[in-house]
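Below you'll find the structure, written out as structure tokens, and then a few comments.
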Number of protein chains: 2
Amino acid sequence: MAPGIRSDKSRANIFDVAELAGVSIKTVSRVVNKEPNVQRSTREKVESAIHALAYRPNAAARGLSGKRSYVIGLVYENPREFSYMKDVLNGALEACEMGGYTLLLRPLKLPNESLADDIRQFVLQTRLDGMVLTAPICDYSTVTSLLAEMKIPCALISPTELREDRLSIACNDEEASASLTQILISQGHKSIGFIKGHPDHSATNNRFQGYCRALEENKIRFSEKMVRQGYFSFESGKDCGKNLMELVNRPSAIIASNDDMAAGVIFEAHEKGLKIPSELSVVGFDDTPIATQIWPPLTTVRQPIVEMSRTLTNLLIVELQSRHRQLSPAPFSCEMVIRSSSGPR
Amino acid sequence: MAPGIRSDKSRANIFDVAELAGVSIKTVSRVVNKEPNVQRSTREKVESAIHALAYRPNAAARGLSGKRSYVIGLVYENPREFSYMKDVLNGALEACEMGGYTLLLRPLKLPNESLADDIRQFVLQTRLDGMVLTAPICDYSTVTSLLAEMKIPCALISPTELREDRLSIACNDEEASASLTQILISQGHKSIGFIKGHPDHSATNNRFQGYCRALEENKIRFSEKMVRQGYFSFESGKDCGKNLMELVNRPSAIIASNDDMAAGVIFEAHEKGLKIPSELSVVGFDDTPIATQIWPPLTTVRQPIVEMSRTLTNLLIVELQSRHRQLSPAPFSCEMVIRSSSGPR
DNA sequence: CTGAAAGCGCTTACAG
DNA sequence: CTGAAAGCGCTTACAG
């Protein structure tokens with residue numbers, strides 16, 4: 001139960017706090033909004049009144065009188081496999097809860113001709129203060145320029161292009177991919193297949209580049225035949241995997257650009273009776289739950305998605321509150337997770 | 001671009017609409033809120049003014065002056081495997097979008113001593129109008145009685161106890177489980193292991209009862225030795241599966257109460273070199289993505305979760321708007337999905 | 001460092 | 001069936 005000092009109304013408002021603290025409502029407002037220029041003793045009086053009355057500012061009143069809604073939108077392509085988005089969601093929720101913001105979700109279907117218009121409607125309807133955009137939506141200039149025009153600050157998760165003037169976050173995909181490839185090479189693999197991700201995602205090219213670099217550093221000749229275009233889906237992994245396994249000189253290892261595709265490759269290997277890892281090593285990216293739920297468990301790369309999303313959303317909140325641009329953080333590091341789907345050739 | 005009739009303000013408000021339609025703001029309000037007692041011709045004038053000005057009611061103003069926030073909360077236990085929640089979320093989002101409501105998420109950790117207090121804070125902070133509760137939170141009487149006391153209408157997804165006075169939704173788990181068991185029995189299985197779900201979920205007992213009934217109907221003696229207590233997690237499925245496989249008379253088939261646990265059983269069978277389905281049939285429940293991403297693909301039961309969640313949330317919205325209790329829908333039907341993880345003994 | 005006044009855009013309660 | 005007035009609980013813009 002909340003302390004029941006007043007019984008006539010269900011909740012204390014700013015006048016109640018002002019009265020108890022012996023100040024004006026404007027001063028209460030200053031304290032609540034952490035504005036400077038409040039005398040320490042005054043601030044303390046107000047804070048204790050707020051505490052005594054269990055006062056919580058009314059979001060509707062704030063939204064109506066002020067120019068902000070304290071709402072942040074999260075726009076994403078509604079995925080079949082939600083593991084990645086779940087982490088993005090949890091990170092953003094944590095940051096919003098900490099910062100006193102509300103998170104609103106807007107799943108979208110892609111491709112979508114009315115994308116920009118859908119997002120415009122979303123902004124107008126909810127009057128949100130800022131927006132978190134996930135890949136690949138964060139790379140569509142129709143979207144980003146619309147939001148710039150509407151003056152909605154936004155924060156991008158893993159965009160293709162890192163720009164100084166946009167809050168964004170990324171991880172060192174290229175390096176992680178090179179390390180993963182290097183591990184396989186060190187285990188004696190010389191013929192390594194690579195399944196690319198969806199072409200619209202920044203991670204796709206970065207991971208591919210890392211693979212190429214590791215081959216080069218080890219003087220292994222790159223071959224187009226070893227590369228397939230996937231789309232991050234389990235099915236595409238299955239198809240590409242099948243294709244690679246049916247090559248006359250089939251690779252002894254396959255790198256899939258995410259775990260779902262790697263699971264597809266492993267599924268296909270089972271179908272073909274190929275033993276993993278003795279006959280074929282398979283590795284993925286992301287360390288989503290599926291990595292430990294298939295057999296054998298998957299060697300992969302852990303990306304700190306929750307932390308990235310939380311950090312980015314938090315920076316967006318700081319930017320909204322301070323009304324000053326924030327610097328994007330440096331790329332986050334990934335971690336190799338070695339399990340039994342890969343091994344020496 | 002919205003039609004730019006006015007250029008002094010960014011958006012039309014209720015006064016602009018009233019002026020253009022030649023009525024009072026109260027009449028506009030009536031039309032917007034679909035109240036009866038508005039003359040047809042008046043309604044049409046107002047509607048065309050609304051359209052011409054691209055008017056959208058300001059949620060903050062509504063929330064401040066009215067007694068409703070048009071916000072619905074969704075409370076759930078934050079799961080490691082999000083497949084089920086993803087469907088719940090999507091169904092609820094769809095219903096909210098259709099009905100002009102906003103959905104707010106509140107993931108919680110269980111067990112949680114301050115559960116009721118966390119939910120109270122959530123309600124007070126967001127001033128939500130109604131709440132959707134998922135299992136097992138919907139069965140905690142501390143939560144439901146708190147919400148009743150706070151007069152927050154709520155809607156329960158798969159509660160243990162279906163009550164006339166609470167909006168809730170369920171599927172015919174018991175029947176689906178009996179059918180699934182019957183399929184195995186018809187294929188010649190006489191020794192069938194069963195892994196229960198988390199004891200706090202209603203589905204757990206229903207699915208177990210269906211299993212028992214099918215055995216009985218086929219005059220197969222029930223044995224406690226064939227039953228294990230799982231917790232819906234992959235790990236618990238692995239442990240229980242291992243346990244059952246190590247019995248002197250091991251079962252020829254195992255029913256796991258959800259897909260994640262069935263995936264755990266299959267993982268363990270791979271570890272032990274047991275062939276599926278020739279040496280062991282394994283079936284699950286829910287038809288989540290993992291069912292088709294492991295090898296061999298899983299025989300399971302499809303529960304129309306998106307549809308259930310959408311239907312329930314929609315009923316809650318109708319209840320909130322009409323302020324009249326709605327009847328809970330009849331249990332939804334599940335569908336058998338036969339894949340290759342099960343087969344004749 | 002602090003406060004009095006106006007106003008955000010709706011709904012409620014009341015009147016006719 | 002329709003409308004004029006009051007007020008929801010804050011913030012803004014201004015004054016001191």
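Here's how to read the names in the structure tokens: chain A, B, ... by the order shown, residue numbers from 1 in each chain, ligand numbers from 1 in the order shown.
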
Nearby residues (only C-alpha atoms (C1' of nucleotides)) at most 10 Å from range 316-330 of chain B, same-chain spacing under 5 positions excluded, as number ranges by chain: B: 33, 68, 70-72, 95-96, 98-101, 129-132, 152-156, 162-172, 308, 310-311

Selected residues, C-alpha atoms, written as a CSV table (one decimal), in the first residue's frame, please.
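Resulting contents of selection-v1.csv:
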chain,number,residue,atom,x,y,z
B,33,ASN,CA,-15.9,8.5,-29.5
B,68,ARG,CA,-8.9,6.5,-19.4
B,70,TYR,CA,-6.1,3.9,-23.8
B,71,VAL,CA,-3.2,1.9,-22.6
B,72,ILE,CA,-3.2,-1.8,-22.1
B,95,ALA,CA,-5.7,-6.0,-31.4
B,96,CYS,CA,-4.4,-2.8,-29.9
B,98,MET,CA,-7.1,-2.1,-34.5
B,99,GLY,CA,-8.7,-0.8,-31.4
B,100,GLY,CA,-6.7,2.4,-31.1
B,101,TYR,CA,-5.0,1.3,-27.9
B,129,ASP,CA,-6.9,0.9,-18.5
B,130,GLY,CA,-6.6,-2.8,-18.7
B,131,MET,CA,-4.2,-5.7,-18.5
B,132,VAL,CA,-3.3,-8.9,-20.3
B,152,ILE,CA,-8.3,-2.8,-13.5
B,153,PRO,CA,-10.1,-5.2,-15.9
B,154,CYS,CA,-7.8,-8.0,-16.9
B,155,ALA,CA,-7.7,-10.7,-19.4
B,156,LEU,CA,-6.0,-14.0,-18.8
B,162,LEU,CA,-11.5,-20.7,-16.0
B,163,ARG,CA,-14.0,-18.4,-14.2
B,164,GLU,CA,-17.1,-16.8,-15.5
B,165,ASP,CA,-16.2,-13.5,-14.0
B,166,ARG,CA,-12.9,-13.1,-15.7
B,167,LEU,CA,-12.1,-12.7,-19.3
B,168,SER,CA,-9.8,-15.5,-20.3
B,169,ILE,CA,-8.8,-17.8,-23.1
B,170,ALA,CA,-7.6,-21.3,-23.4
B,171,CYS,CA,-7.2,-24.1,-25.8
B,172,ASN,CA,-8.2,-27.7,-25.6
B,308,MET,CA,-5.9,-16.5,-29.1
B,310,ARG,CA,-5.6,-11.2,-30.5
B,311,THR,CA,-9.1,-12.4,-29.7

Shell of 10 Å around Ser233 in chain A, only C-alpha atoms (C1' of nucleotides), local chain residues under 5 positions omitted, as number ranges by chain: A: 79-81, 197-198, 238, 258-264

Mind writing the picked residues with N, CA and C atoms as a PDB file, in the first residue's frame?
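After the write, again.pdb holds the following:
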ATOM      1  N   PRO A  79      10.262 -10.520 -37.201  1.00  0.00           N
ATOM      2  CA  PRO A  79      10.979 -11.700 -37.668  1.00  0.00           C
ATOM      3  C   PRO A  79      10.265 -12.988 -37.280  1.00  0.00           C
ATOM      4  N   ARG A  80      10.514 -14.018 -38.044  1.00  0.00           N
ATOM      5  CA  ARG A  80       9.985 -15.323 -37.674  1.00  0.00           C
ATOM      6  C   ARG A  80      10.711 -15.816 -36.422  1.00  0.00           C
ATOM      7  N   GLU A  81      12.000 -15.665 -36.421  1.00  0.00           N
ATOM      8  CA  GLU A  81      12.801 -16.086 -35.276  1.00  0.00           C
ATOM      9  C   GLU A  81      13.128 -14.839 -34.456  1.00  0.00           C
ATOM     10  N   GLY A 197      24.603 -13.240 -45.231  1.00  0.00           N
ATOM     11  CA  GLY A 197      23.289 -12.913 -44.675  1.00  0.00           C
ATOM     12  C   GLY A 197      22.477 -12.085 -45.661  1.00  0.00           C
ATOM     13  N   HIS A 198      21.374 -11.547 -45.181  1.00  0.00           N
ATOM     14  CA  HIS A 198      20.506 -10.724 -46.027  1.00  0.00           C
ATOM     15  C   HIS A 198      21.279  -9.505 -46.522  1.00  0.00           C
ATOM     16  N   LYS A 238      19.573 -23.827 -45.011  1.00  0.00           N
ATOM     17  CA  LYS A 238      19.413 -25.192 -45.483  1.00  0.00           C
ATOM     18  C   LYS A 238      19.757 -25.282 -46.968  1.00  0.00           C
ATOM     19  N   ASN A 258      24.664 -16.335 -39.611  1.00  0.00           N
ATOM     20  CA  ASN A 258      23.973 -16.294 -38.317  1.00  0.00           C
ATOM     21  C   ASN A 258      23.626 -17.713 -37.876  1.00  0.00           C
ATOM     22  N   ASP A 259      23.144 -17.835 -36.649  1.00  0.00           N
ATOM     23  CA  ASP A 259      22.894 -19.162 -36.080  1.00  0.00           C
ATOM     24  C   ASP A 259      21.759 -19.893 -36.780  1.00  0.00           C
ATOM     25  N   ASP A 260      20.732 -19.147 -37.172  1.00  0.00           N
ATOM     26  CA  ASP A 260      19.600 -19.813 -37.819  1.00  0.00           C
ATOM     27  C   ASP A 260      20.039 -20.510 -39.101  1.00  0.00           C
ATOM     28  N   MET A 261      20.868 -19.821 -39.867  1.00  0.00           N
ATOM     29  CA  MET A 261      21.351 -20.443 -41.102  1.00  0.00           C
ATOM     30  C   MET A 261      22.281 -21.611 -40.784  1.00  0.00           C
ATOM     31  N   ALA A 262      23.108 -21.466 -39.752  1.00  0.00           N
ATOM     32  CA  ALA A 262      23.993 -22.568 -39.364  1.00  0.00           C
ATOM     33  C   ALA A 262      23.155 -23.778 -38.949  1.00  0.00           C
ATOM     34  N   ALA A 263      22.044 -23.523 -38.264  1.00  0.00           N
ATOM     35  CA  ALA A 263      21.149 -24.616 -37.875  1.00  0.00           C
ATOM     36  C   ALA A 263      20.593 -25.293 -39.123  1.00  0.00           C
ATOM     37  N   GLY A 264      20.307 -24.500 -40.130  1.00  0.00           N
ATOM     38  CA  GLY A 264      19.832 -25.062 -41.392  1.00  0.00           C
ATOM     39  C   GLY A 264      20.884 -25.948 -42.037  1.00  0.00           C
TER      40      GLY A 264
END

Counting only C-alpha atoms (C1' of nucleotides), what is within 9 Å of range 3-15 of chain C, bar same-chain residues fewer than 5 positions away, as a PDB file with N, CA and C atoms (P, O5', C5', C4', C3', O3' and C1' of nucleotides), in the first residue's frame?
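Contents of the output file around-v2.pdb:
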ATOM      1  N   VAL A  23       6.261  25.250  -1.080  1.00  0.00           N
ATOM      2  CA  VAL A  23       6.834  25.950  -2.235  1.00  0.00           C
ATOM      3  C   VAL A  23       5.765  26.058  -3.320  1.00  0.00           C
ATOM      4  N   SER A  24       6.121  26.656  -4.453  1.00  0.00           N
ATOM      5  CA  SER A  24       5.176  26.723  -5.562  1.00  0.00           C
ATOM      6  C   SER A  24       5.278  25.456  -6.417  1.00  0.00           C
ATOM      7  N   ILE A  25       4.265  25.260  -7.239  1.00  0.00           N
ATOM      8  CA  ILE A  25       4.315  24.070  -8.097  1.00  0.00           C
ATOM      9  C   ILE A  25       5.471  24.149  -9.090  1.00  0.00           C
ATOM     10  N   LYS A  26       5.826  25.356  -9.453  1.00  0.00           N
ATOM     11  CA  LYS A  26       6.932  25.506 -10.397  1.00  0.00           C
ATOM     12  C   LYS A  26       8.220  24.931  -9.805  1.00  0.00           C
ATOM     13  N   THR A  27       8.399  25.137  -8.531  1.00  0.00           N
ATOM     14  CA  THR A  27       9.601  24.609  -7.888  1.00  0.00           C
ATOM     15  C   THR A  27       9.561  23.088  -7.833  1.00  0.00           C
ATOM     16  N   ALA A  61      -0.511  14.749 -18.361  1.00  0.00           N
ATOM     17  CA  ALA A  61      -0.425  16.195 -18.143  1.00  0.00           C
ATOM     18  C   ALA A  61       0.896  16.741 -18.670  1.00  0.00           C
ATOM     19  N   GLY A  63       2.648  15.427 -21.022  1.00  0.00           N
ATOM     20  CA  GLY A  63       2.624  15.342 -22.476  1.00  0.00           C
ATOM     21  C   GLY A  63       1.797  16.455 -23.081  1.00  0.00           C
ATOM     22  N   LEU A  64       0.719  16.803 -22.400  1.00  0.00           N
ATOM     23  CA  LEU A  64      -0.173  17.823 -22.939  1.00  0.00           C
ATOM     24  C   LEU A  64       0.441  19.220 -22.846  1.00  0.00           C
ATOM     25  N   SER A  65       1.019  19.517 -21.709  1.00  0.00           N
ATOM     26  CA  SER A  65       1.523  20.879 -21.532  1.00  0.00           C
ATOM     27  C   SER A  65       2.923  21.057 -22.098  1.00  0.00           C
ATOM     28  N   GLY A  66       3.699  20.038 -21.952  1.00  0.00           N
ATOM     29  CA  GLY A  66       5.072  20.155 -22.432  1.00  0.00           C
ATOM     30  C   GLY A  66       5.146  19.810 -23.893  1.00  0.00           C
TER      31      GLY A  66
ATOM     32  N   ASN B  13      -6.601  20.484 -34.129  1.00  0.00           N
ATOM     33  CA  ASN B  13      -7.166  20.019 -32.874  1.00  0.00           C
ATOM     34  C   ASN B  13      -8.688  20.027 -32.958  1.00  0.00           C
ATOM     35  N   ILE B  14      -9.298  19.719 -31.848  1.00  0.00           N
ATOM     36  CA  ILE B  14     -10.753  19.538 -31.854  1.00  0.00           C
ATOM     37  C   ILE B  14     -11.492  20.832 -32.212  1.00  0.00           C
ATOM     38  N   PHE B  15     -10.881  21.978 -31.900  1.00  0.00           N
ATOM     39  CA  PHE B  15     -11.516  23.254 -32.234  1.00  0.00           C
ATOM     40  C   PHE B  15     -11.527  23.492 -33.747  1.00  0.00           C
ATOM     41  N   LYS B  26     -17.892  19.619 -28.389  1.00  0.00           N
ATOM     42  CA  LYS B  26     -18.537  18.483 -27.726  1.00  0.00           C
ATOM     43  C   LYS B  26     -19.094  17.505 -28.760  1.00  0.00           C
ATOM     44  N   SER B  29     -16.323  15.589 -30.234  1.00  0.00           N
ATOM     45  CA  SER B  29     -15.942  14.568 -29.262  1.00  0.00           C
ATOM     46  C   SER B  29     -16.875  13.362 -29.344  1.00  0.00           C
ATOM     47  N   PRO B  57      -7.145  12.618 -32.404  1.00  0.00           N
ATOM     48  CA  PRO B  57      -7.254  13.093 -31.022  1.00  0.00           C
ATOM     49  C   PRO B  57      -5.913  12.994 -30.304  1.00  0.00           C
ATOM     50  N   ASN B  58      -5.636  13.950 -29.492  1.00  0.00           N
ATOM     51  CA  ASN B  58      -4.403  13.960 -28.711  1.00  0.00           C
ATOM     52  C   ASN B  58      -4.572  13.055 -27.493  1.00  0.00           C
ATOM     53  N   ALA B  59      -3.770  11.985 -27.476  1.00  0.00           N
ATOM     54  CA  ALA B  59      -3.910  10.986 -26.419  1.00  0.00           C
ATOM     55  C   ALA B  59      -3.649  11.578 -25.038  1.00  0.00           C
ATOM     56  N   ALA B  60      -2.694  12.496 -24.967  1.00  0.00           N
ATOM     57  CA  ALA B  60      -2.365  13.085 -23.668  1.00  0.00           C
ATOM     58  C   ALA B  60      -3.553  13.878 -23.123  1.00  0.00           C
ATOM     59  N   ALA B  61      -4.197  14.632 -23.996  1.00  0.00           N
ATOM     60  CA  ALA B  61      -5.346  15.433 -23.557  1.00  0.00           C
ATOM     61  C   ALA B  61      -6.502  14.529 -23.133  1.00  0.00           C
ATOM     62  N   ARG B  62      -6.718  13.494 -23.913  1.00  0.00           N
ATOM     63  CA  ARG B  62      -7.742  12.528 -23.542  1.00  0.00           C
ATOM     64  C   ARG B  62      -7.458  11.918 -22.193  1.00  0.00           C
ATOM     65  N   GLY B  63      -6.204  11.524 -22.029  1.00  0.00           N
ATOM     66  CA  GLY B  63      -5.820  10.863 -20.791  1.00  0.00           C
ATOM     67  C   GLY B  63      -5.956  11.784 -19.603  1.00  0.00           C
ATOM     68  N   LEU B  64      -5.648  13.041 -19.830  1.00  0.00           N
ATOM     69  CA  LEU B  64      -5.689  13.990 -18.722  1.00  0.00           C
ATOM     70  C   LEU B  64      -7.118  14.330 -18.309  1.00  0.00           C
ATOM     71  N   SER B  65      -7.947  14.572 -19.282  1.00  0.00           N
ATOM     72  CA  SER B  65      -9.298  15.004 -18.941  1.00  0.00           C
ATOM     73  C   SER B  65     -10.232  13.826 -18.669  1.00  0.00           C
ATOM     74  N   GLY B  66     -10.037  12.772 -19.413  1.00  0.00           N
ATOM     75  CA  GLY B  66     -10.914  11.636 -19.237  1.00  0.00           C
ATOM     76  C   GLY B  66     -10.411  10.748 -18.127  1.00  0.00           C
ATOM     77  N   LYS B  67     -11.051   9.647 -17.991  1.00  0.00           N
ATOM     78  CA  LYS B  67     -10.624   8.739 -16.938  1.00  0.00           C
ATOM     79  C   LYS B  67      -9.914   7.540 -17.527  1.00  0.00           C
TER      80      LYS B  67
ATOM     81  P    DG D   3     -23.789  22.096 -31.586  1.00  0.00           P
ATOM     82  O5'  DG D   3     -23.732  22.751 -30.139  1.00  0.00           O
ATOM     83  C5'  DG D   3     -24.754  23.662 -29.757  1.00  0.00           C
ATOM     84  C4'  DG D   3     -24.469  24.196 -28.387  1.00  0.00           C
ATOM     85  C3'  DG D   3     -23.018  24.637 -28.183  1.00  0.00           C
ATOM     86  O3'  DG D   3     -23.030  25.835 -27.424  1.00  0.00           O
ATOM     87  C1'  DG D   3     -23.594  23.047 -26.530  1.00  0.00           C
ATOM     88  P    DG D   7     -13.756  24.473 -11.921  1.00  0.00           P
ATOM     89  O5'  DG D   7     -12.892  23.239 -12.430  1.00  0.00           O
ATOM     90  C5'  DG D   7     -13.510  21.963 -12.584  1.00  0.00           C
ATOM     91  C4'  DG D   7     -12.499  21.045 -13.208  1.00  0.00           C
ATOM     92  C3'  DG D   7     -11.066  21.287 -12.721  1.00  0.00           C
ATOM     93  O3'  DG D   7     -10.468  20.038 -12.489  1.00  0.00           O
ATOM     94  C1'  DG D   7     -11.128  21.355 -15.056  1.00  0.00           C
ATOM     95  P    DC D   8      -9.313  19.901 -11.447  1.00  0.00           P
ATOM     96  O5'  DC D   8      -8.584  18.576 -11.935  1.00  0.00           O
ATOM     97  C5'  DC D   8      -9.312  17.414 -12.358  1.00  0.00           C
ATOM     98  C4'  DC D   8      -8.553  16.759 -13.485  1.00  0.00           C
ATOM     99  C3'  DC D   8      -7.038  16.874 -13.313  1.00  0.00           C
ATOM    100  O3'  DC D   8      -6.582  15.709 -12.631  1.00  0.00           O
ATOM    101  C1'  DC D   8      -7.734  17.356 -15.587  1.00  0.00           C
ATOM    102  P    DT D  11       6.167  19.166 -15.549  1.00  0.00           P
ATOM    103  O5'  DT D  11       6.054  20.164 -16.782  1.00  0.00           O
ATOM    104  C5'  DT D  11       5.855  19.655 -18.097  1.00  0.00           C
ATOM    105  C4'  DT D  11       5.745  20.830 -19.045  1.00  0.00           C
ATOM    106  C3'  DT D  11       6.987  21.715 -19.073  1.00  0.00           C
ATOM    107  O3'  DT D  11       7.242  22.001 -20.450  1.00  0.00           O
ATOM    108  C1'  DT D  11       5.076  23.024 -18.523  1.00  0.00           C
ATOM    109  P    DT D  12       8.600  22.656 -20.885  1.00  0.00           P
ATOM    110  O5'  DT D  12       8.127  24.072 -21.428  1.00  0.00           O
ATOM    111  C5'  DT D  12       7.013  24.156 -22.314  1.00  0.00           C
ATOM    112  C4'  DT D  12       6.555  25.589 -22.421  1.00  0.00           C
ATOM    113  C3'  DT D  12       7.694  26.603 -22.537  1.00  0.00           C
ATOM    114  O3'  DT D  12       7.461  27.404 -23.695  1.00  0.00           O
ATOM    115  C1'  DT D  12       6.187  27.240 -20.809  1.00  0.00           C
ATOM    116  P    DA D  15       8.052  39.859 -19.132  1.00  0.00           P
ATOM    117  O5'  DA D  15       7.981  39.902 -17.544  1.00  0.00           O
ATOM    118  C5'  DA D  15       6.790  39.483 -16.889  1.00  0.00           C
ATOM    119  C4'  DA D  15       7.044  39.440 -15.401  1.00  0.00           C
ATOM    120  C3'  DA D  15       8.014  40.521 -14.898  1.00  0.00           C
ATOM    121  O3'  DA D  15       7.468  41.114 -13.735  1.00  0.00           O
ATOM    122  C1'  DA D  15       8.753  38.387 -14.194  1.00  0.00           C
ATOM    123  P    DG D  16       8.098  42.460 -13.187  1.00  0.00           P
ATOM    124  O5'  DG D  16       8.974  41.940 -11.977  1.00  0.00           O
ATOM    125  C5'  DG D  16       8.326  41.326 -10.861  1.00  0.00           C
ATOM    126  C4'  DG D  16       9.370  40.644 -10.042  1.00  0.00           C
ATOM    127  C3'  DG D  16      10.514  41.557  -9.579  1.00  0.00           C
ATOM    128  O3'  DG D  16      10.479  41.674  -8.170  1.00  0.00           O
ATOM    129  C1'  DG D  16      11.270  39.426 -10.248  1.00  0.00           C
TER     130       DG D  16
END

Strand (DSSP E or B) per DSSP on the backbone: members of range 198-338 of chain B, as a PyMOL selection string: chain B and resi 227-229+253-256+281-283+286+299-302+332+335-337

File dump, residues just selected, N, CA and C atoms, as a PDB file, in the first residue's frame:
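And here is the file that came out, result.pdb:
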ATOM      1  N   VAL B 227       6.937 -41.038 -15.879  1.00  0.00           N
ATOM      2  CA  VAL B 227       6.623 -39.610 -15.805  1.00  0.00           C
ATOM      3  C   VAL B 227       7.750 -38.837 -15.116  1.00  0.00           C
ATOM      4  N   ARG B 228       8.100 -37.719 -15.685  1.00  0.00           N
ATOM      5  CA  ARG B 228       9.135 -36.871 -15.092  1.00  0.00           C
ATOM      6  C   ARG B 228       8.632 -35.428 -14.986  1.00  0.00           C
ATOM      7  N   GLN B 229       9.155 -34.725 -14.009  1.00  0.00           N
ATOM      8  CA  GLN B 229       8.761 -33.327 -13.822  1.00  0.00           C
ATOM      9  C   GLN B 229       9.747 -32.406 -14.521  1.00  0.00           C
ATOM     10  N   ALA B 253       8.715 -44.259 -26.814  1.00  0.00           N
ATOM     11  CA  ALA B 253       8.298 -42.919 -27.234  1.00  0.00           C
ATOM     12  C   ALA B 253       8.279 -42.003 -26.014  1.00  0.00           C
ATOM     13  N   ILE B 254       8.582 -40.727 -26.246  1.00  0.00           N
ATOM     14  CA  ILE B 254       8.530 -39.751 -25.150  1.00  0.00           C
ATOM     15  C   ILE B 254       7.714 -38.549 -25.593  1.00  0.00           C
ATOM     16  N   ILE B 255       6.751 -38.191 -24.755  1.00  0.00           N
ATOM     17  CA  ILE B 255       5.970 -36.978 -24.991  1.00  0.00           C
ATOM     18  C   ILE B 255       6.508 -35.895 -24.071  1.00  0.00           C
ATOM     19  N   ALA B 256       6.968 -34.795 -24.651  1.00  0.00           N
ATOM     20  CA  ALA B 256       7.418 -33.675 -23.831  1.00  0.00           C
ATOM     21  C   ALA B 256       6.329 -32.608 -23.890  1.00  0.00           C
ATOM     22  N   SER B 281      10.706 -42.458 -30.468  1.00  0.00           N
ATOM     23  CA  SER B 281       9.867 -41.391 -31.006  1.00  0.00           C
ATOM     24  C   SER B 281       9.802 -40.272 -29.981  1.00  0.00           C
ATOM     25  N   VAL B 282       9.841 -39.037 -30.453  1.00  0.00           N
ATOM     26  CA  VAL B 282       9.763 -37.890 -29.542  1.00  0.00           C
ATOM     27  C   VAL B 282       8.744 -36.898 -30.094  1.00  0.00           C
ATOM     28  N   VAL B 283       7.861 -36.431 -29.247  1.00  0.00           N
ATOM     29  CA  VAL B 283       6.893 -35.422 -29.685  1.00  0.00           C
ATOM     30  C   VAL B 283       6.844 -34.271 -28.689  1.00  0.00           C
ATOM     31  N   ASP B 286       3.298 -27.127 -29.128  1.00  0.00           N
ATOM     32  CA  ASP B 286       3.323 -25.682 -29.436  1.00  0.00           C
ATOM     33  C   ASP B 286       3.706 -25.322 -30.874  1.00  0.00           C
ATOM     34  N   THR B 299       7.380 -33.788 -34.375  1.00  0.00           N
ATOM     35  CA  THR B 299       5.933 -33.945 -34.326  1.00  0.00           C
ATOM     36  C   THR B 299       5.441 -33.171 -33.105  1.00  0.00           C
ATOM     37  N   THR B 300       4.409 -32.375 -33.304  1.00  0.00           N
ATOM     38  CA  THR B 300       3.998 -31.498 -32.203  1.00  0.00           C
ATOM     39  C   THR B 300       2.532 -31.097 -32.361  1.00  0.00           C
ATOM     40  N   VAL B 301       2.090 -30.193 -31.521  1.00  0.00           N
ATOM     41  CA  VAL B 301       0.707 -29.738 -31.553  1.00  0.00           C
ATOM     42  C   VAL B 301       0.710 -28.236 -31.741  1.00  0.00           C
ATOM     43  N   ARG B 302       0.005 -27.772 -32.746  1.00  0.00           N
ATOM     44  CA  ARG B 302      -0.011 -26.332 -32.978  1.00  0.00           C
ATOM     45  C   ARG B 302      -1.138 -25.667 -32.209  1.00  0.00           C
ATOM     46  N   PHE B 332      -9.970 -22.710 -27.798  1.00  0.00           N
ATOM     47  CA  PHE B 332      -9.526 -22.845 -29.184  1.00  0.00           C
ATOM     48  C   PHE B 332      -9.035 -24.270 -29.442  1.00  0.00           C
ATOM     49  N   GLU B 335      -4.043 -28.301 -33.327  1.00  0.00           N
ATOM     50  CA  GLU B 335      -3.923 -29.072 -34.559  1.00  0.00           C
ATOM     51  C   GLU B 335      -2.688 -29.964 -34.443  1.00  0.00           C
ATOM     52  N   MET B 336      -2.840 -31.232 -34.826  1.00  0.00           N
ATOM     53  CA  MET B 336      -1.692 -32.138 -34.782  1.00  0.00           C
ATOM     54  C   MET B 336      -0.769 -31.808 -35.951  1.00  0.00           C
ATOM     55  N   VAL B 337       0.518 -31.777 -35.688  1.00  0.00           N
ATOM     56  CA  VAL B 337       1.481 -31.562 -36.772  1.00  0.00           C
ATOM     57  C   VAL B 337       2.451 -32.737 -36.762  1.00  0.00           C
TER      58      VAL B 337
END

Non-local contacts of range 178-191 of chain B (8 Å; only C-alpha atoms (C1' of nucleotides); under 4 positions in same chain excluded) as a PyMOL selection string: chain B and resi 174+207+209-215+218+220+226+250-253+255+300-301+336+342-345
